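What follows is input_25.txt (compact mmCIF, C-alpha atoms).
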# COMPACT_ATOMS: atom_id res chain seq x y z
CA MET A 1 105.68 134.70 117.96
CA ARG A 2 103.52 136.27 120.62
CA LYS A 3 99.79 136.01 120.06
CA ILE A 4 98.52 138.94 118.05
CA ALA A 5 94.79 138.79 118.75
CA ARG A 6 93.50 141.00 121.53
CA LYS A 7 93.00 139.29 124.88
CA SER A 8 89.64 141.00 125.14
CA LEU A 9 88.48 138.89 122.21
CA PHE A 10 89.19 135.58 123.96
CA LEU A 11 85.48 135.29 124.73
CA LEU A 12 84.72 136.00 121.09
CA GLY A 13 86.90 133.11 119.98
CA PHE A 14 85.20 130.84 122.52
CA ILE A 15 81.74 131.83 121.36
CA MET A 16 82.67 131.44 117.72
CA VAL A 17 83.78 127.87 118.44
CA ILE A 18 80.37 127.13 119.93
CA PHE A 19 78.48 128.56 116.98
CA TYR A 20 80.91 127.51 114.26
CA PRO A 21 81.12 123.70 114.29
CA ASN A 22 82.81 122.11 111.31
CA ASN A 23 79.81 120.46 109.70
CA ARG A 24 81.53 118.17 107.24
CA GLY A 25 79.88 115.23 108.94
CA LEU A 26 76.34 116.65 109.10
CA LYS A 27 73.79 114.59 107.25
CA ALA A 28 71.32 116.10 104.83
CA GLY A 29 68.39 117.55 106.70
CA SER A 30 70.34 118.10 109.92
CA GLN A 31 69.39 121.24 111.81
CA LYS A 32 71.82 124.09 111.23
CA VAL A 33 73.28 125.98 114.17
CA TYR A 34 72.69 129.73 114.15
CA GLN A 35 75.84 131.65 113.28
CA PRO A 36 75.90 135.15 114.78
CA THR A 37 77.77 137.94 113.10
CA ILE A 38 80.83 139.24 114.89
CA GLY A 39 79.02 142.54 115.46
CA GLU A 40 76.40 140.78 117.58
CA ILE A 41 79.22 139.64 119.87
CA ILE A 42 81.40 142.76 119.87
CA CYS A 43 78.46 144.98 120.79
CA GLN A 44 78.26 143.16 124.13
CA GLU A 45 81.80 144.32 125.02
CA PRO A 46 82.49 147.42 127.14
CA GLY A 47 82.69 150.55 125.02
CA TYR A 48 80.06 149.46 122.50
CA ASN A 49 76.31 149.67 122.02
CA CYS A 50 74.05 147.30 120.09
CA LEU A 51 71.99 148.94 117.34
CA THR A 52 69.15 146.93 115.78
CA ILE A 53 68.39 147.93 112.20
CA GLU A 54 64.75 148.86 111.67
CA SER A 55 63.13 149.12 108.27
CA LYS A 56 61.06 152.06 107.14
CA PHE A 57 57.91 151.97 105.04
CA GLU A 58 57.47 154.16 102.00
CA LYS A 59 54.56 154.64 99.62
CA ILE A 60 55.49 154.48 95.95
CA GLU A 61 53.59 154.57 92.69
CA LYS A 62 53.53 151.41 90.62
CA LYS A 63 52.23 151.35 87.07
CA THR A 64 49.83 148.53 86.24
CA LYS A 65 47.71 147.74 83.19
CA HIS A 66 44.79 149.27 85.07
CA GLY A 67 46.62 152.49 85.88
CA VAL A 68 48.78 153.69 88.75
CA LYS A 69 48.62 151.89 92.08
CA ILE A 70 50.00 153.16 95.39
CA ILE A 71 51.85 150.43 97.26
CA GLU A 72 53.78 150.40 100.50
CA VAL A 73 57.30 148.96 100.43
CA GLU A 74 59.65 148.12 103.26
CA THR A 75 63.22 149.40 102.96
CA ALA A 76 66.11 149.30 105.37
CA PRO A 77 68.32 152.36 105.89
CA THR A 78 71.67 152.46 104.14
CA TRP A 79 75.08 152.80 105.75
CA ILE A 80 75.20 156.39 104.49
CA ASP A 81 71.76 157.14 105.93
CA LEU A 82 72.91 156.13 109.41
CA TRP A 83 76.51 157.36 109.26
CA PRO A 84 76.90 160.15 106.68
CA ASN A 85 80.40 160.93 107.95
CA ASP A 86 82.87 158.92 105.85
CA THR A 87 85.33 158.25 108.67
CA GLU A 88 82.68 157.15 111.15
CA ARG A 89 80.99 154.94 108.55
CA GLU A 90 84.32 153.29 107.73
CA ILE A 91 84.88 152.56 111.43
CA ILE A 92 81.42 151.04 111.91
CA MET A 93 81.67 148.85 108.81
CA LYS A 94 85.13 147.58 109.68
CA VAL A 95 84.35 146.97 113.34
CA ASN A 96 81.37 144.86 112.24
CA ARG A 97 83.29 143.24 109.34
CA LEU A 98 80.37 144.11 107.06
CA ASN A 99 80.08 145.64 103.62
CA ILE A 100 76.72 144.10 102.67
CA LYS A 101 73.42 145.99 102.59
CA LEU A 102 71.73 146.56 105.93
CA LYS A 103 68.60 144.51 106.58
CA GLN A 104 65.75 144.53 109.07
CA GLY A 105 66.80 143.00 112.38
CA MET A 106 70.56 143.15 111.83
CA ILE A 107 72.50 143.97 115.00
CA ILE A 108 75.35 146.45 114.58
CA ALA A 109 78.12 147.16 117.09
CA VAL A 110 78.56 150.91 117.54
CA PRO A 111 81.54 152.29 119.51
CA ASN A 112 80.56 154.74 122.24
CA ASP A 113 83.38 157.12 121.31
CA LEU A 114 84.11 157.90 117.67
CA ALA A 115 85.45 161.43 118.13
CA GLY A 116 88.81 161.92 116.45
CA LYS A 117 89.19 158.19 115.77
CA THR A 118 90.00 156.24 112.61
CA PHE A 119 89.50 152.56 111.89
CA MET A 120 93.13 151.93 112.90
CA ASP A 121 92.18 152.82 116.49
CA PHE A 122 89.87 149.79 116.50
CA SER A 123 92.35 147.19 115.30
CA PRO A 124 91.87 143.73 116.86
CA TYR A 125 95.61 143.26 116.32
CA PRO A 126 98.39 144.87 118.38
CA LYS A 127 100.41 147.73 116.96
CA GLU A 128 103.59 145.66 117.27
CA THR A 129 104.45 141.97 117.35
CA ASP A 130 107.63 139.91 117.15
CA SER A 131 109.66 140.62 114.04
CA LEU A 132 109.89 137.81 111.48
CA GLY A 133 112.63 139.58 109.57
CA GLU A 134 110.24 140.12 106.67
CA LYS A 135 106.84 141.65 106.11
CA PHE A 136 103.84 139.33 106.37
CA LEU A 137 100.07 139.14 106.03
CA ILE A 138 98.02 137.34 108.68
CA PHE A 139 94.37 136.25 108.73
CA ASP A 140 92.59 134.99 111.84
CA PRO A 141 89.16 133.44 111.14
CA LYS A 142 88.20 133.70 114.82
CA ILE A 143 88.26 137.51 114.71
CA LEU A 144 87.42 137.83 111.00
CA ALA A 145 90.28 140.20 110.29
CA TRP A 146 93.58 140.45 108.46
CA ALA A 147 96.65 142.48 109.34
CA ALA A 148 99.72 143.57 107.41
CA TYR A 149 102.96 143.82 109.41
CA ASP A 150 106.28 145.19 108.22
CA ALA A 151 109.65 143.47 108.65
CA GLU A 152 110.09 145.06 112.09
CA GLY A 153 106.77 143.66 113.34
CA LYS A 154 104.89 146.98 113.20
CA LEU A 155 101.25 147.04 112.15
CA VAL A 156 100.81 148.79 108.80
CA ARG A 157 97.10 148.25 108.24
CA TRP A 158 94.25 145.92 109.16
CA GLY A 159 90.84 145.15 107.72
CA PRO A 160 87.78 142.90 107.83
CA ALA A 161 87.80 139.46 106.24
CA SER A 162 85.63 136.40 105.72
CA GLY A 163 87.28 132.99 105.46
CA GLY A 164 85.98 129.57 104.56
CA LYS A 165 82.64 128.59 106.07
CA PRO A 166 82.06 125.32 107.96
CA GLY A 167 82.95 122.47 105.65
CA TYR A 168 85.21 124.73 103.57
CA HIS A 169 87.67 126.05 106.16
CA THR A 170 90.62 128.01 104.84
CA PRO A 171 93.74 125.87 105.49
CA ALA A 172 95.55 127.03 108.63
CA ARG A 173 99.32 127.25 108.16
CA GLU A 174 101.99 129.41 106.54
CA PHE A 175 102.04 130.10 102.81
CA ARG A 176 103.70 132.34 100.24
CA ILE A 177 101.89 134.46 97.69
CA PHE A 178 102.68 132.93 94.30
CA LYS A 179 100.44 134.94 91.97
CA LYS A 180 98.67 138.30 91.81
CA ALA A 181 95.78 139.36 89.58
CA GLY A 182 94.00 142.57 88.67
CA PRO A 183 90.50 143.99 89.08
CA LYS A 184 88.86 141.69 86.50
CA CYS A 185 90.03 138.36 87.94
CA ARG A 186 87.36 135.63 88.21
CA SER A 187 87.26 132.22 89.86
CA SER A 188 87.99 129.38 87.42
CA LYS A 189 85.78 127.07 89.52
CA TYR A 190 82.77 129.20 90.45
CA ASP A 191 83.14 132.00 87.86
CA ALA A 192 82.74 134.50 90.70
CA PRO A 193 84.53 137.86 90.62
CA MET A 194 87.84 137.86 92.54
CA PRO A 195 89.17 141.41 92.05
CA TRP A 196 92.75 142.05 93.12
CA ALA A 197 93.29 138.35 93.94
CA MET A 198 96.50 137.34 95.71
CA PHE A 199 96.86 133.56 95.48
CA PHE A 200 98.45 131.54 98.28
CA HIS A 201 97.21 127.95 97.79
CA LYS A 202 97.40 125.54 94.85
CA SER A 203 93.65 124.85 95.16
CA GLY A 204 93.01 128.41 94.03
CA TYR A 205 92.52 130.00 97.44
CA ALA A 206 93.33 133.70 97.47
CA PHE A 207 92.82 136.93 99.32
CA HIS A 208 90.52 138.99 97.08
CA GLY A 209 87.99 141.77 97.08
CA SER A 210 84.28 141.12 97.50
CA PRO A 211 81.05 143.08 98.02
CA ASN A 212 79.91 140.22 100.28
CA VAL A 213 81.84 140.35 103.56
CA PRO A 214 78.98 139.35 105.91
CA GLY A 215 80.47 139.47 109.40
CA LYS A 216 81.06 135.73 109.53
CA ASN A 217 83.13 133.13 107.68
CA ALA A 218 81.16 132.42 104.51
CA SER A 219 83.46 131.59 101.58
CA HIS A 220 84.46 128.32 99.90
CA GLY A 221 88.01 128.70 101.19
CA CYS A 222 89.21 132.05 99.89
CA VAL A 223 89.61 135.05 102.17
CA ARG A 224 87.18 137.79 101.18
CA LEU A 225 88.21 141.39 101.79
CA PHE A 226 86.60 144.77 101.28
CA ASN A 227 87.36 145.72 97.66
CA GLU A 228 89.32 148.81 98.67
CA ASP A 229 91.44 146.75 101.10
CA ALA A 230 92.19 144.12 98.46
CA GLU A 231 93.29 146.83 96.04
CA TRP A 232 95.48 148.46 98.69
CA LEU A 233 97.17 145.18 99.61
CA ASN A 234 97.66 144.21 95.97
CA LYS A 235 99.18 147.55 94.98
CA ASN A 236 101.02 148.61 98.14
CA PHE A 237 102.00 145.61 100.25
CA ILE A 238 101.78 142.16 98.68
CA GLU A 239 104.47 140.88 96.35
CA VAL A 240 105.00 137.43 94.90
CA GLY A 241 106.76 135.60 97.73
CA THR A 242 105.19 137.58 100.62
CA LYS A 243 104.63 135.40 103.69
CA VAL A 244 101.02 134.58 104.61
CA ILE A 245 99.93 133.20 107.98
CA ILE A 246 96.46 131.66 108.36
CA ARG A 247 95.50 131.12 111.99
CA PRO A 248 93.37 128.11 113.05
CA TYR A 249 89.63 128.30 113.60
CA THR A 250 90.10 126.96 117.13
CA GLU A 251 93.04 127.24 119.50

Encoded form using structure tokens:
Amino acid sequence: MRKIARKSLFLLGFIMVIFYPNNRGLKAGSQKVYQPTIGEIICQEPGYNCLTIESKFEKIEKKTKHGVKIIEVETAPTWIDLWPNDTEREIIMKVNRLNIKLKQGMIIAVPNDLAGKTFMDFSPYPKETDSLGEKFLIFDPKILAWAAYDAEGKLVRWGPASGGKPGYHTPAREFRIFKKAGPKCRSSKYDAPMPWAMFFHKSGYAFHGSPNVPGKNASHGCVRLFNEDAEWLNKNFIEVGTKVIIRPYTE
């Protein structure tokens, strides 16, 4: 199969290797290496700008036992504050692989041209790849994204993802989906919500929805997706037996 990650993201993969060592062997107390979000890297590419999130200060009334006190609180803008247009906001969030709340100092990649575009125009995967004779789902931890391809090798949809963090890497090979769950699914090990889970590994690893896709690999081995993407895959694409391809963290 031809490679299905954009050539322009070769540098991204290289940088992610530098900042994403597998730290299984790190001793307690060892200094951690800073892990940038993918948006911090993408915004350096041609066609993008880097936006640094800045908090705002608001005065609010707080009731105390001595009466009402005026205090100043620091709050970051929301995604809707910055991008009220639904389509543009969806593009920005998916390009940055983020669905968490914005915080002071976060760096966001903003495309220079959003006019008439949808998130599909910003896919890190090609529109076509070699046919496998069956539909398949692929996840590449280097570009923090999944893609669904039909049996002819045509891209159906893509979305952001977060795989296993250092020390908990998602196993890299081919699998088959063997079980699907609904919106109330929870992890039997961590008791964490796993809505719309699609299980591919006997250890309990699954593609599932999450409100915590942070622009870097951060899970214990599962592949976190935006909730709406997990629901779409579960209802419209994934079946028991669907092929899954997990790419390696390094080439």

Do you know which residues are at most 7 Å from His208 (chain A) counting all atoms listed in the file, after dropping those on the same chain fewer than 4 positions away, and could you put them as number ranges by chain?
A: 194-198, 223-225, 230

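Distances from A:Lys243, A:Gly215, A:Glu128, A:Pro160 to Arg173 (chain A) were compared using all atoms listed in the file, and the smallest one belongs to A:Lys243.
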
Shortest interatomic distance to Arg176 (chain A) - which of A:Gly241, A:Pro111, A:Gly204, A:Gly67, counting all atoms listed in the file:
A:Gly241

Excluding Ala76 (chain A) and residues on its chain fewer than 3 positions from it, collect all residues at most 10 Å away from it, counting all atoms listed in the file, and give them as a ChimeraX atom specification.
/A:53-57,79,81,101-106

Of the listed residues A:Lys189, A:Lys184, A:Lys135, A:Lys65, that which approaches Tyr205 (chain A) most closely, counting only C-alpha atoms:
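Of A:Lys189, A:Lys184, A:Lys135, A:Lys65, the one nearest Tyr205 (chain A) is A:Lys189, counting only C-alpha atoms.
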
Measuring between only C-alpha atoms, which one of A:Thr129, A:Ala109, A:Pro193, A:Glu74 shows the shortest distance to Leu51 (chain A)?
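Going through A:Thr129, A:Ala109, A:Pro193, A:Glu74 one by one, the smallest distance to Leu51 (chain A) is for A:Ala109.
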
Calculate how many Å separate CA of Lys154 (chain A) from CA of Ser219 (chain A), rounding to one decimal.
28.8 Å

Between CA of Glu174 (chain A) and CA of Phe139 (chain A), what is the spacing in Å?
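Distance between the two atoms: 10.5 Å.
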
Take the point (94.2, 129.3, 105.7) as written in the file and pick out every residue within 7 Å of it, counting only C-alpha atoms; give the list as a PyMOL selection string.
chain A and resi 170-173+246-247

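CA of Val213 (chain A) sits 5.9 Å away from CA of Ser162 (chain A).
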
May I ask which of the residues A:Tyr249, A:Asn234, A:Thr242, A:Asp113 is the closest one to Leu132 (chain A), counting all atoms listed in the file?
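Distance minimum relative to Leu132 (chain A) lands on A:Thr242.
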
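Using all atoms listed in the file, the smallest distance between any of A:Phe226, A:Trp232, A:Phe237, A:Phe175 and Glu90 (chain A) comes from A:Phe226.
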